[in-house]
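Containing TSV, C-alpha atoms and all ligand atoms: upload_5.tsv.
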chain	number	residue	atom	x	y	z
A	893	MET	CA	10.94	10.76	5.82
A	894	ILE	CA	11.77	7.12	6.51
A	895	ARG	CA	15.03	5.35	5.69
A	896	LEU	CA	15.99	1.77	6.43
A	897	GLU	CA	19.64	0.89	5.97
A	898	GLY	CA	20.70	-2.76	6.00
A	899	VAL	CA	18.00	-3.58	8.52
A	900	GLY	CA	17.93	-7.07	10.00
A	901	LYS	CA	15.69	-8.53	12.68
A	902	ARG	CA	16.41	-11.86	14.30
A	903	PHE	CA	13.94	-12.92	16.98
A	904	ALA	CA	15.01	-14.61	20.20
A	905	GLY	CA	14.01	-18.06	18.91
A	906	GLY	CA	16.49	-17.57	16.04
A	907	ALA	CA	13.96	-16.76	13.32
A	908	MET	CA	15.39	-14.21	10.84
A	909	ALA	CA	12.33	-12.07	10.08
A	910	LEU	CA	14.18	-9.36	8.12
A	911	ASP	CA	17.56	-9.42	6.43
A	912	GLY	CA	19.45	-6.58	4.74
A	913	VAL	CA	16.42	-4.37	4.12
A	914	ASP	CA	17.11	-1.01	2.44
A	915	LEU	CA	14.10	1.22	1.90
A	916	THR	CA	13.32	4.92	1.52
A	917	VAL	CA	9.90	6.50	1.92
A	918	ALA	CA	9.57	10.13	0.83
A	919	ARG	CA	7.62	12.74	2.78
A	920	GLY	CA	3.96	12.80	1.73
A	921	GLU	CA	4.15	9.48	-0.09
A	922	VAL	CA	1.73	6.55	0.21
A	923	PHE	CA	4.08	3.59	0.31
A	924	GLY	CA	2.77	0.02	0.05
A	925	ILE	CA	4.47	-3.12	1.29
A	926	ILE	CA	3.27	-6.41	-0.14
A	927	GLY	CA	4.42	-9.96	0.37
A	928	ARG	CA	3.29	-13.38	1.44
A	929	SER	CA	2.29	-14.33	4.95
A	930	GLY	CA	5.43	-14.52	7.08
A	931	ALA	CA	7.48	-12.33	4.70
A	932	GLY	CA	8.21	-9.89	7.55
A	933	LYS	CA	5.75	-7.08	6.75
A	934	SER	CA	4.39	-6.58	10.28
A	935	THR	CA	7.88	-6.85	11.73
A	936	LEU	CA	9.07	-4.11	9.37
A	937	ILE	CA	6.24	-1.75	10.27
A	938	ARG	CA	6.79	-2.37	14.01
A	939	LEU	CA	10.41	-1.31	13.59
A	940	LEU	CA	9.25	2.06	12.29
A	941	ASN	CA	7.54	3.06	15.54
A	942	GLY	CA	10.06	1.40	17.82
A	943	LEU	CA	7.76	-1.46	18.92
A	944	GLU	CA	10.57	-3.74	17.75
A	945	ARG	CA	14.27	-2.99	17.57
A	946	PRO	CA	16.46	-4.04	14.65
A	947	THR	CA	19.25	-6.52	15.36
A	948	ALA	CA	21.22	-5.04	12.43
A	949	GLY	CA	21.24	-1.77	10.50
A	950	ALA	CA	19.46	1.49	11.19
A	951	VAL	CA	15.87	2.74	11.07
A	952	ILE	CA	15.87	6.50	10.51
A	953	VAL	CA	12.59	8.39	10.87
A	954	ASP	CA	12.75	12.09	10.01
A	955	GLY	CA	16.47	12.17	10.67
A	956	ALA	CA	16.43	10.33	14.02
A	957	ASP	CA	17.67	6.77	14.56
A	958	VAL	CA	14.67	5.09	16.18
A	959	ALA	CA	16.78	2.42	17.90
A	960	GLY	CA	18.75	5.16	19.64
A	961	LEU	CA	15.67	6.68	21.28
A	962	ASP	CA	14.28	5.78	24.68
A	963	GLY	CA	12.08	7.20	27.41
A	964	ALA	CA	10.71	10.65	26.62
A	965	ALA	CA	12.36	10.85	23.20
A	966	LEU	CA	10.76	7.55	22.12
A	967	ARG	CA	7.34	8.66	23.40
A	968	ALA	CA	7.65	11.97	21.56
A	969	MET	CA	8.57	10.13	18.36
A	970	ARG	CA	5.58	7.76	18.76
A	971	ARG	CA	3.21	10.72	18.99
A	972	ARG	CA	4.32	11.62	15.49
A	973	ILE	CA	3.43	8.15	14.19
A	974	GLY	CA	-0.18	6.90	14.17
A	975	MET	CA	-1.01	3.25	13.57
A	976	ILE	CA	-4.13	1.37	12.47
A	977	PHE	CA	-4.75	-2.38	12.51
A	978	GLN	CA	-6.88	-5.09	10.93
A	979	GLN	CA	-8.84	-5.71	14.14
A	980	PHE	CA	-9.21	-1.97	14.91
A	981	GLY	CA	-7.86	-2.34	18.48
A	982	LEU	CA	-10.68	-0.34	20.10
A	983	LEU	CA	-11.51	-0.52	23.81
A	984	ALA	CA	-14.95	-2.19	23.98
A	985	SER	CA	-15.91	-0.65	27.33
A	986	ARG	CA	-15.21	2.93	26.21
A	987	THR	CA	-17.31	5.13	23.94
A	988	VAL	CA	-16.13	6.16	20.52
A	989	ALA	CA	-15.20	9.61	21.85
A	990	ASP	CA	-13.24	8.09	24.75
A	991	ASN	CA	-11.40	5.77	22.38
A	992	VAL	CA	-10.32	8.71	20.24
A	993	ALA	CA	-9.40	10.72	23.36
A	994	PHE	CA	-7.24	7.90	24.75
A	995	PRO	CA	-3.89	8.95	23.18
A	996	LEU	CA	-4.59	12.56	24.20
A	997	ARG	CA	-5.11	11.52	27.82
A	998	ILE	CA	-1.81	9.60	27.74
A	999	ALA	CA	-0.10	12.67	26.28
A	1000	GLY	CA	-1.51	14.77	29.16
A	1001	THR	CA	-3.72	17.01	27.01
A	1002	PRO	CA	-6.08	19.15	29.18
A	1003	ARG	CA	-9.70	17.91	29.18
A	1004	GLY	CA	-11.35	20.82	27.33
A	1005	GLN	CA	-8.69	20.90	24.68
A	1006	ALA	CA	-8.98	17.10	24.23
A	1007	ALA	CA	-12.78	17.30	23.84
A	1008	ALA	CA	-12.45	19.92	21.10
A	1009	ARG	CA	-9.82	17.83	19.33
A	1010	VAL	CA	-12.01	14.69	19.54
A	1011	ALA	CA	-14.95	16.55	17.99
A	1012	GLU	CA	-12.70	17.78	15.17
A	1013	LEU	CA	-11.32	14.27	14.55
A	1014	LEU	CA	-14.76	12.61	14.54
A	1015	ASP	CA	-15.90	15.21	12.03
A	1016	ARG	CA	-12.82	14.55	9.91
A	1017	VAL	CA	-13.66	10.80	9.65
A	1018	GLY	CA	-17.40	11.37	9.20
A	1019	LEU	CA	-18.55	10.12	12.62
A	1020	SER	CA	-19.70	13.33	14.31
A	1021	ASP	CA	-22.98	11.75	15.42
A	1022	HIS	CA	-21.44	8.59	16.84
A	1023	GLY	CA	-19.21	9.83	19.67
A	1024	HIS	CA	-21.50	8.53	22.44
A	1025	LYS	CA	-21.77	4.99	20.98
A	1026	TYR	CA	-19.75	1.93	21.95
A	1027	PRO	CA	-17.63	0.05	19.38
A	1028	ALA	CA	-20.07	-2.91	19.35
A	1029	GLN	CA	-22.75	-0.56	17.99
A	1030	LEU	CA	-20.69	0.31	14.90
A	1031	SER	CA	-20.11	-1.37	11.54
A	1032	GLY	CA	-16.63	-2.58	10.61
A	1033	GLY	CA	-16.01	0.45	8.43
A	1034	GLN	CA	-17.12	2.81	11.20
A	1035	LYS	CA	-14.86	1.01	13.70
A	1036	GLN	CA	-11.90	1.51	11.40
A	1037	ARG	CA	-12.81	5.20	11.07
A	1038	VAL	CA	-12.62	5.42	14.86
A	1039	GLY	CA	-9.25	3.66	14.65
A	1040	ILE	CA	-8.10	6.27	12.13
A	1041	ALA	CA	-9.38	9.19	14.27
A	1042	ARG	CA	-7.53	7.76	17.28
A	1043	ALA	CA	-4.36	7.32	15.21
A	1044	LEU	CA	-4.58	10.98	14.18
A	1045	ALA	CA	-5.28	12.30	17.70
A	1046	THR	CA	-1.75	13.43	18.46
A	1047	GLY	CA	-1.33	15.07	15.04
A	1048	PRO	CA	1.15	12.60	13.55
A	1049	ASP	CA	3.17	13.12	10.35
A	1050	ILE	CA	3.21	9.40	9.59
A	1051	LEU	CA	0.38	6.88	9.49
A	1052	LEU	CA	1.20	3.15	9.56
A	1053	SER	CA	-1.46	0.71	8.43
A	1054	ASP	CA	-1.14	-3.04	8.99
A	1055	GLU	CA	-3.87	-4.73	6.91
A	1056	ALA	CA	-6.35	-2.05	8.02
A	1057	THR	CA	-8.94	-2.97	5.41
A	1058	SER	CA	-8.50	-6.75	5.44
A	1059	ALA	CA	-11.55	-7.34	7.65
A	1060	LEU	CA	-13.81	-5.09	5.53
A	1061	ASP	CA	-15.97	-5.85	2.49
A	1062	PRO	CA	-14.87	-4.41	-0.88
A	1063	GLU	CA	-17.18	-1.39	-0.81
A	1064	THR	CA	-16.28	-0.42	2.76
A	1065	THR	CA	-12.63	-0.94	1.85
A	1066	ARG	CA	-13.00	1.61	-0.96
A	1067	ASP	CA	-14.57	4.13	1.45
A	1068	VAL	CA	-11.82	3.71	4.05
A	1069	LEU	CA	-9.12	3.94	1.37
A	1070	ALA	CA	-10.73	7.12	0.02
A	1071	LEU	CA	-10.50	8.56	3.53
A	1072	ILE	CA	-6.83	7.51	3.77
A	1073	ALA	CA	-6.14	9.13	0.37
A	1074	ASP	CA	-7.86	12.35	1.57
A	1075	LEU	CA	-5.70	12.41	4.71
A	1076	ASN	CA	-2.60	11.95	2.60
A	1077	ARG	CA	-3.59	14.85	0.36
A	1078	ASP	CA	-5.12	17.26	2.92
A	1079	LEU	CA	-2.73	16.74	5.83
A	1080	GLY	CA	0.34	15.76	3.81
A	1081	LEU	CA	0.57	12.56	5.89
A	1082	THR	CA	3.25	10.08	4.92
A	1083	ILE	CA	1.56	6.68	4.86
A	1084	VAL	CA	3.11	3.22	5.02
A	1085	LEU	CA	0.54	0.59	4.25
A	1086	ILE	CA	0.87	-3.18	4.48
A	1087	THR	CA	-1.61	-5.25	2.60
A	1088	HIS	CA	-2.18	-8.53	0.83
A	1089	GLU	CA	-4.94	-6.95	-1.30
A	1090	MET	CA	-3.64	-5.80	-4.68
A	1091	ASP	CA	-6.70	-3.57	-5.17
A	1092	VAL	CA	-5.63	-1.56	-2.13
A	1093	VAL	CA	-2.23	-0.92	-3.65
A	1094	ARG	CA	-3.76	0.03	-6.98
A	1095	GLN	CA	-6.19	2.45	-5.37
A	1096	VAL	CA	-3.96	4.45	-3.01
A	1097	CYS	CA	-0.24	3.74	-3.24
A	1098	ASP	CA	2.41	5.78	-5.03
A	1099	ARG	CA	5.21	3.25	-4.66
A	1100	VAL	CA	5.48	-0.34	-3.50
A	1101	ALA	CA	8.10	-2.64	-2.04
A	1102	VAL	CA	7.80	-6.39	-2.43
A	1103	LEU	CA	9.02	-8.30	0.59
A	1104	HIS	CA	9.91	-11.98	0.29
A	1105	ALA	CA	11.38	-14.07	3.10
A	1106	GLY	CA	12.62	-10.99	4.94
A	1107	ARG	CA	14.22	-9.31	1.93
A	1108	VAL	CA	13.06	-6.56	-0.39
A	1109	VAL	CA	13.09	-8.19	-3.82
A	1110	GLU	CA	11.73	-5.20	-5.76
A	1111	THR	CA	10.73	-1.56	-5.22
A	1112	GLY	CA	9.08	0.71	-7.72
A	1113	SER	CA	6.14	2.83	-8.76
A	1114	VAL	CA	2.80	1.03	-8.65
A	1115	ALA	CA	2.74	1.06	-12.46
A	1116	ASP	CA	6.21	-0.53	-12.64
A	1117	ILE	CA	5.35	-3.26	-10.16
A	1118	PHE	CA	1.96	-4.15	-11.63
A	1119	LEU	CA	2.68	-3.70	-15.33
A	1120	ASP	CA	6.31	-4.68	-15.56
A	1121	PRO	CA	7.36	-6.75	-12.53
A	1122	GLN	CA	11.04	-7.74	-12.63
A	1123	ALA	CA	11.54	-10.14	-9.73
A	1124	ALA	CA	10.33	-13.72	-10.05
A	1125	GLU	CA	8.84	-13.43	-6.55
A	1126	THR	CA	6.79	-10.39	-7.61
A	1127	ARG	CA	5.52	-12.20	-10.70
A	1128	ALA	CA	4.52	-15.21	-8.62
A	1129	LEU	CA	2.77	-13.02	-6.04
A	1130	LEU	CA	0.81	-11.14	-8.72
A	1131	ALA	CA	-0.08	-14.33	-10.57
A	1132	GLU	CA	-1.47	-15.85	-7.36
A	1133	ALA	CA	-3.57	-12.74	-6.85
A	1134	GLY	CA	-4.98	-13.19	-10.36
A	1135	GLU	CA	-3.19	-10.10	-11.63
A	1136	GLN	CA	-1.47	-11.60	-14.67
A	1137	GLY	CA	-3.13	-13.50	-17.49
A	1138	PRO	CA	-1.75	-16.73	-18.92
A	1139	ALA	CA	1.50	-16.03	-20.73
A	1140	ALA	CA	1.38	-18.66	-23.48
A	1141	PHE	CA	-0.96	-18.89	-26.46
A	1142	PRO	CA	0.37	-21.90	-28.37
A	1143	ASN	CA	-2.55	-21.97	-30.81
A	1144	PHE	CA	-1.96	-18.48	-32.14
A	1145	ALA	CA	0.07	-18.52	-35.36
A	1146	GLY	CA	1.12	-14.83	-35.68
A	1147	ARG	CA	3.35	-12.52	-33.59
A	1148	ILE	CA	2.36	-12.05	-29.93
A	1149	VAL	CA	3.30	-8.82	-28.12
A	1150	ARG	CA	2.32	-7.17	-24.89
A	1151	TRP	CA	1.37	-3.53	-25.20
A	1152	THR	CA	1.22	-1.25	-22.15
A	1153	CYS	CA	-0.09	2.30	-22.26
A	1154	HIS	CA	-0.97	5.03	-19.76
A	1155	GLY	CA	-3.03	8.15	-19.40
A	1156	ALA	CA	-4.53	9.90	-22.43
A	1157	THR	CA	-3.67	7.05	-24.84
A	1158	ILE	CA	-6.54	5.05	-23.25
A	1159	GLY	CA	-9.05	7.35	-24.96
A	1160	GLU	CA	-7.46	7.02	-28.43
A	1161	PRO	CA	-8.56	4.51	-31.09
A	1162	VAL	CA	-4.96	3.32	-31.40
A	1163	LEU	CA	-5.58	-0.26	-32.53
A	1164	THR	CA	-7.89	0.66	-35.41
A	1165	MET	CA	-5.59	3.50	-36.52
A	1166	VAL	CA	-2.57	1.21	-36.57
A	1167	ALA	CA	-4.57	-1.52	-38.34
A	1168	ARG	CA	-5.63	0.87	-41.11
A	1169	GLU	CA	-2.14	2.31	-41.46
A	1170	THR	CA	-0.28	-1.02	-41.63
A	1171	GLY	CA	-2.88	-3.52	-42.76
A	1172	ALA	CA	-2.12	-5.67	-39.69
A	1173	ASP	CA	-4.92	-7.52	-37.91
A	1174	PHE	CA	-5.08	-7.63	-34.12
A	1175	ALA	CA	-6.45	-10.40	-31.94
A	1176	ILE	CA	-6.82	-9.37	-28.30
A	1177	LEU	CA	-5.65	-12.45	-26.41
A	1178	ASP	CA	-5.59	-11.09	-22.89
A	1179	GLY	CA	-5.57	-7.80	-21.07
A	1180	ARG	CA	-7.04	-5.29	-18.73
A	1181	ILE	CA	-7.82	-1.62	-18.61
A	1182	GLY	CA	-8.06	-0.03	-15.22
A	1183	ARG	CA	-6.75	2.61	-12.87
A	1184	LEU	CA	-3.61	2.92	-10.80
A	1185	ARG	CA	-4.38	5.56	-8.21
A	1186	ASP	CA	-5.35	8.56	-10.40
A	1187	GLU	CA	-4.08	7.34	-13.75
A	1188	SER	CA	-5.72	5.11	-16.35
A	1189	TYR	CA	-3.63	2.30	-17.79
A	1190	GLY	CA	-4.11	-0.49	-20.25
A	1191	GLN	CA	-2.14	-3.65	-20.84
A	1192	LEU	CA	-3.12	-5.92	-23.71
A	1193	THR	CA	-1.64	-9.10	-25.07
A	1194	LEU	CA	-2.08	-8.77	-28.82
A	1195	GLY	CA	-1.78	-11.37	-31.56
A	1196	LEU	CA	-0.71	-9.76	-34.85
A	1197	SER	CA	-1.19	-11.28	-38.27
A	1198	GLY	CA	-1.26	-10.06	-41.87
A	1199	GLY	CA	-0.13	-6.69	-43.26
A	1200	ASP	CA	3.14	-5.15	-42.15
A	1201	THR	CA	3.55	-6.66	-38.68
A	1202	GLU	CA	6.86	-4.91	-37.95
A	1203	ALA	CA	5.42	-1.51	-38.89
A	1204	ALA	CA	2.41	-2.23	-36.66
A	1205	ILE	CA	4.68	-3.04	-33.70
A	1206	ALA	CA	6.70	0.14	-34.33
A	1207	ALA	CA	3.47	2.18	-34.49
A	1208	LEU	CA	2.19	0.66	-31.20
A	1209	GLY	CA	5.52	1.66	-29.68
A	1210	ARG	CA	4.73	5.29	-30.39
A	1211	TYR	CA	1.64	5.12	-28.16
A	1212	GLY	CA	2.93	2.86	-25.41
A	1213	ARG	CA	5.52	0.25	-24.58
A	1214	VAL	CA	5.77	-3.00	-26.51
A	1215	THR	CA	7.33	-6.04	-24.89
A	1216	ALA	CA	7.65	-9.54	-26.27
B	1301	LIG	N1	7.68	-11.96	18.30
B	1301	LIG	C1	8.18	-12.88	17.48
B	1301	LIG	N2	8.98	-13.85	17.92
B	1301	LIG	C2	9.51	-14.78	17.08
B	1301	LIG	N3	9.27	-14.80	15.76
B	1301	LIG	C3	8.47	-13.87	15.25
B	1301	LIG	C4	7.87	-12.85	16.06
B	1301	LIG	N4	7.13	-12.03	15.28
B	1301	LIG	C5	7.24	-12.55	14.01
B	1301	LIG	N5	8.05	-13.62	13.99
B	1301	LIG	C6	8.44	-14.39	12.80
B	1301	LIG	O1	8.97	-13.51	11.85
B	1301	LIG	C7	8.53	-13.82	10.54
B	1301	LIG	C8	7.83	-12.60	9.93
B	1301	LIG	O2	6.62	-12.34	10.65
B	1301	LIG	P1	5.67	-11.12	10.32
B	1301	LIG	O3	4.58	-11.12	11.31
B	1301	LIG	O4	6.48	-9.90	10.17
B	1301	LIG	O5	5.09	-11.56	8.89
B	1301	LIG	P2	3.97	-10.85	7.99
B	1301	LIG	O6	4.60	-10.61	6.67
B	1301	LIG	O7	3.39	-9.71	8.69
B	1301	LIG	O8	2.89	-12.02	7.83
B	1301	LIG	P3	1.27	-11.93	7.73
B	1301	LIG	O9	0.96	-11.53	6.32
B	1301	LIG	O10	0.83	-13.33	8.01
B	1301	LIG	O11	0.79	-10.94	8.75
B	1301	LIG	C9	7.64	-15.04	10.68
B	1301	LIG	O12	8.41	-16.17	10.39
B	1301	LIG	C10	7.24	-15.01	12.12
B	1301	LIG	O13	6.98	-16.32	12.60
B	1302	MG	MG	1.48	-9.28	9.44
Could I get this structure in the form of structure tokens?
Amino acid sequence: MIRLEGVGKRFAGGAMALDGVDLTVARGEVFGIIGRSGAGKSTLIRLLNGLERPTAGAVIVDGADVAGLDGAALRAMRRRIGMIFQQFGLLASRTVADNVAFPLRIAGTPRGQAAARVAELLDRVGLSDHGHKYPAQLSGGQKQRVGIARALATGPDILLSDEATSALDPETTRDVLALIADLNRDLGLTIVLITHEMDVVRQVCDRVAVLHAGRVVETGSVADIFLDPQAAETRALLAEAGEQGPAAFPNFAGRIVRWTCHGATIGEPVLTMVARETGADFAILDGRIGRLRDESYGQLTLGLSGGDTEAAIAALGRYGRVTA
């Protein structure tokens, strides 16, 4: 659905915001982009809807080179891409219904048809009773729902989200993300989501790209990026976000391994079975068990001592992945 080929963006002042970015987002995917402040995330997302133009490379959306579009073709392409923002971007002097109707008015949709569409959209985001209110009368989560309804007004195939939940508390964030996940599933929307919140990525994304100083340093499934990050920049980013435990346990005398497992294995008494079978003892030094989108995962740092340690490591390998 989206393909970036060798994309660079140098701003007028000379700042190189993006450099040699290659990226592919499949149709119907929820794709996350993470990276430090200034990494180029917002610039990248603005290239996708033609708000910025690349200074190198090509941005291809559904087969069309965005940089090659202008006038009517660019407007038509933008109707297929909705966008939501951290600060919601609502018009304070307009009602909720008028805010949602705004893109329809610009697109020249007849009044009656627009009113029906607005009612449908407000229902979709759970705000049917709030159409007459003004943005100041809504909570943050409700404002973002209005932002989402407005982004969906023209029936886009792609939804871009630039830190859309960053101004919301954790519970409201979960609600808004659940809505985004529903839209992805029910409407088949392709979603590109920028965030600095790792919980957001864990809850809704299928794949992630890590952006660092204008370059993509790593791309992979959410499980790959969180459980087995390869790039030093990714490791540093996750460590700062409190995602990785301390790596060294100098006071532990036995063998230390990291064991990662997914899915059904989480419900199995693997450690006690392996302990009985091999006589090895396990100390759990660090770890977490949680969810990545719809799948359970566990990652434990285990200290092994006694019994047949090598057999225990081999047995763990049958239920998951063992790394040193
Ligand atoms: N319009 C502009 N003119 C000049 N430089 C810009 C412009 N927009 C962004 N930049 C520069 O490009 C780089 C990337 O900015 P960008 O906004 O894409 O970062 P970001 O990853 O979204 O950061 P944040 O997490 O803080 O939102 C920064 O160094 C920024 O100063
Ligand atoms: Mg930004």
Review point. Quick one: distance from atom CA of A:Ala1203 to atom CA of A:Tyr1189 in Å, one decimal?
Key: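 These atoms are spaced 23.3 Å apart.
Distance check against A:Gly1033 using only C-alpha atoms: of A:Gln979, A:Asn991, A:Thr1215, A:Thr1001, the minimum falls on A:Gln979.
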Exercise for review: For A:Ala1175, please output as a ChimeraX atom specification all residues within 12 Å (counting only C-alpha atoms; exclusion window: fewer than 3 positions along the same chain).
Suggested key: /A:1141,1144-1150,1163-1164,1167,1172,1178-1179,1192-1198
Practice item. Please provide as an MDAnalysis selection string all residues within 8 Å of A:Arg971, with the sequence filter that same-chain residues fewer than 2 positions apart are discarded (counting only C-alpha atoms). Key: chainID A and resid 967:969 973:974 1046:1048
Point to revise | A:Asp1061, A:Asp1078, A:Glu1089, A:Asp962 ranked by distance to ligand LIG 1301 (chain B), top pick (using only C-alpha atoms and all ligand atoms) | key: A:Glu1089
Study note, to complete from the structure: Restricting to only C-alpha atoms, whichever of A:Arg1180, A:Arg1185, A:Glu1169, A:Ala950 is closest to A:Ile1205 is A:Glu1169
10 Å shell around ligand LIG 1301 (chain B) using all atoms listed in the file, listed as a PDB file with C-alpha atoms, keeping the file's coordinate frame:
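Writing the result to selection06.pdb gives the following:
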ATOM      1  CA  LYS A 901      15.690  -8.530  12.680  1.00  0.00           C
ATOM      2  CA  ARG A 902      16.410 -11.860  14.300  1.00  0.00           C
ATOM      3  CA  PHE A 903      13.940 -12.920  16.980  1.00  0.00           C
ATOM      4  CA  ALA A 904      15.010 -14.610  20.200  1.00  0.00           C
ATOM      5  CA  GLY A 905      14.010 -18.060  18.910  1.00  0.00           C
ATOM      6  CA  GLY A 906      16.490 -17.570  16.040  1.00  0.00           C
ATOM      7  CA  ALA A 907      13.960 -16.760  13.320  1.00  0.00           C
ATOM      8  CA  MET A 908      15.390 -14.210  10.840  1.00  0.00           C
ATOM      9  CA  ALA A 909      12.330 -12.070  10.080  1.00  0.00           C
ATOM     10  CA  LEU A 910      14.180  -9.360   8.120  1.00  0.00           C
ATOM     11  CA  ILE A 925       4.470  -3.120   1.290  1.00  0.00           C
ATOM     12  CA  ILE A 926       3.270  -6.410  -0.140  1.00  0.00           C
ATOM     13  CA  GLY A 927       4.420  -9.960   0.370  1.00  0.00           C
ATOM     14  CA  ARG A 928       3.290 -13.380   1.440  1.00  0.00           C
ATOM     15  CA  SER A 929       2.290 -14.330   4.950  1.00  0.00           C
ATOM     16  CA  GLY A 930       5.430 -14.520   7.080  1.00  0.00           C
ATOM     17  CA  ALA A 931       7.480 -12.330   4.700  1.00  0.00           C
ATOM     18  CA  GLY A 932       8.210  -9.890   7.550  1.00  0.00           C
ATOM     19  CA  LYS A 933       5.750  -7.080   6.750  1.00  0.00           C
ATOM     20  CA  SER A 934       4.390  -6.580  10.280  1.00  0.00           C
ATOM     21  CA  THR A 935       7.880  -6.850  11.730  1.00  0.00           C
ATOM     22  CA  LEU A 936       9.070  -4.110   9.370  1.00  0.00           C
ATOM     23  CA  ILE A 937       6.240  -1.750  10.270  1.00  0.00           C
ATOM     24  CA  ARG A 938       6.790  -2.370  14.010  1.00  0.00           C
ATOM     25  CA  GLU A 944      10.570  -3.740  17.750  1.00  0.00           C
ATOM     26  CA  GLN A 978      -6.880  -5.090  10.930  1.00  0.00           C
ATOM     27  CA  ASP A1054      -1.140  -3.040   8.990  1.00  0.00           C
ATOM     28  CA  GLU A1055      -3.870  -4.730   6.910  1.00  0.00           C
ATOM     29  CA  ILE A1086       0.870  -3.180   4.480  1.00  0.00           C
ATOM     30  CA  THR A1087      -1.610  -5.250   2.600  1.00  0.00           C
ATOM     31  CA  HIS A1088      -2.180  -8.530   0.830  1.00  0.00           C
ATOM     32  CA  LEU A1103       9.020  -8.300   0.590  1.00  0.00           C
ATOM     33  CA  HIS A1104       9.910 -11.980   0.290  1.00  0.00           C
ATOM     34  CA  ALA A1105      11.380 -14.070   3.100  1.00  0.00           C
ATOM     35  CA  GLY A1106      12.620 -10.990   4.940  1.00  0.00           C
TER      36      GLY A1106
END
Point to revise | Contacts of A:Val1108 at 9 Å (only C-alpha atoms; same-chain gap of 3+ positions) as a list in words | key: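 The residues satisfying every condition are Asp911, Gly912, Val913, Asp914, Leu915, Ala1101, Val1102, Leu1103, His1104, Ala1105 and Thr1111 of chain A.
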Check your understanding: How many Å lie between atom CA of A:Cys1153 and atom CA of A:Ala1204, rounded to one decimal?
Key -> 15.3 Å
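The space separating atom CA of A:Arg1094 from atom CA of A:Val1114 comes to 6.8 Å.
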Review point. Counting all atoms listed in the file, which of A:Ala1115, A:Ala1056, A:Val1068, A:Val1100 gets nearest to ligand MG 1302 (chain B)?
Key: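 Answer, going by the shortest atom-to-atom distance: A:Ala1056.
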Can you tell me which residues surround A:Gly920 at a distance of at most 10 Å, considering all atoms listed in the file, apart from same-chain residues fewer than 4 positions away, and format the answer as an mmCIF file with C-alpha atoms, keeping the file's coordinate frame?
data_model
loop_
_atom_site.group_PDB
_atom_site.id
_atom_site.type_symbol
_atom_site.label_atom_id
_atom_site.label_comp_id
_atom_site.auth_asym_id
_atom_site.auth_seq_id
_atom_site.Cartn_x
_atom_site.Cartn_y
_atom_site.Cartn_z
ATOM 1 C CA MET A 893 10.940 10.760 5.820
ATOM 2 C CA ASP A 1049 3.170 13.120 10.350
ATOM 3 C CA ILE A 1050 3.210 9.400 9.590
ATOM 4 C CA ASN A 1076 -2.600 11.950 2.600
ATOM 5 C CA ARG A 1077 -3.590 14.850 0.360
ATOM 6 C CA LEU A 1079 -2.730 16.740 5.830
ATOM 7 C CA GLY A 1080 0.340 15.760 3.810
ATOM 8 C CA LEU A 1081 0.570 12.560 5.890
ATOM 9 C CA THR A 1082 3.250 10.080 4.920
ATOM 10 C CA ILE A 1083 1.560 6.680 4.860
ATOM 11 C CA ASP A 1098 2.410 5.780 -5.030
#
Practice item. Go through A:Ala964, A:Leu1019, A:Lys1025, A:Arg1003 and flag the residue nearest A:Leu983, using only C-alpha atoms for the distances. Key: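 Between A:Ala964, A:Leu1019, A:Lys1025, A:Arg1003, the residue approaching A:Leu983 most closely is A:Lys1025.
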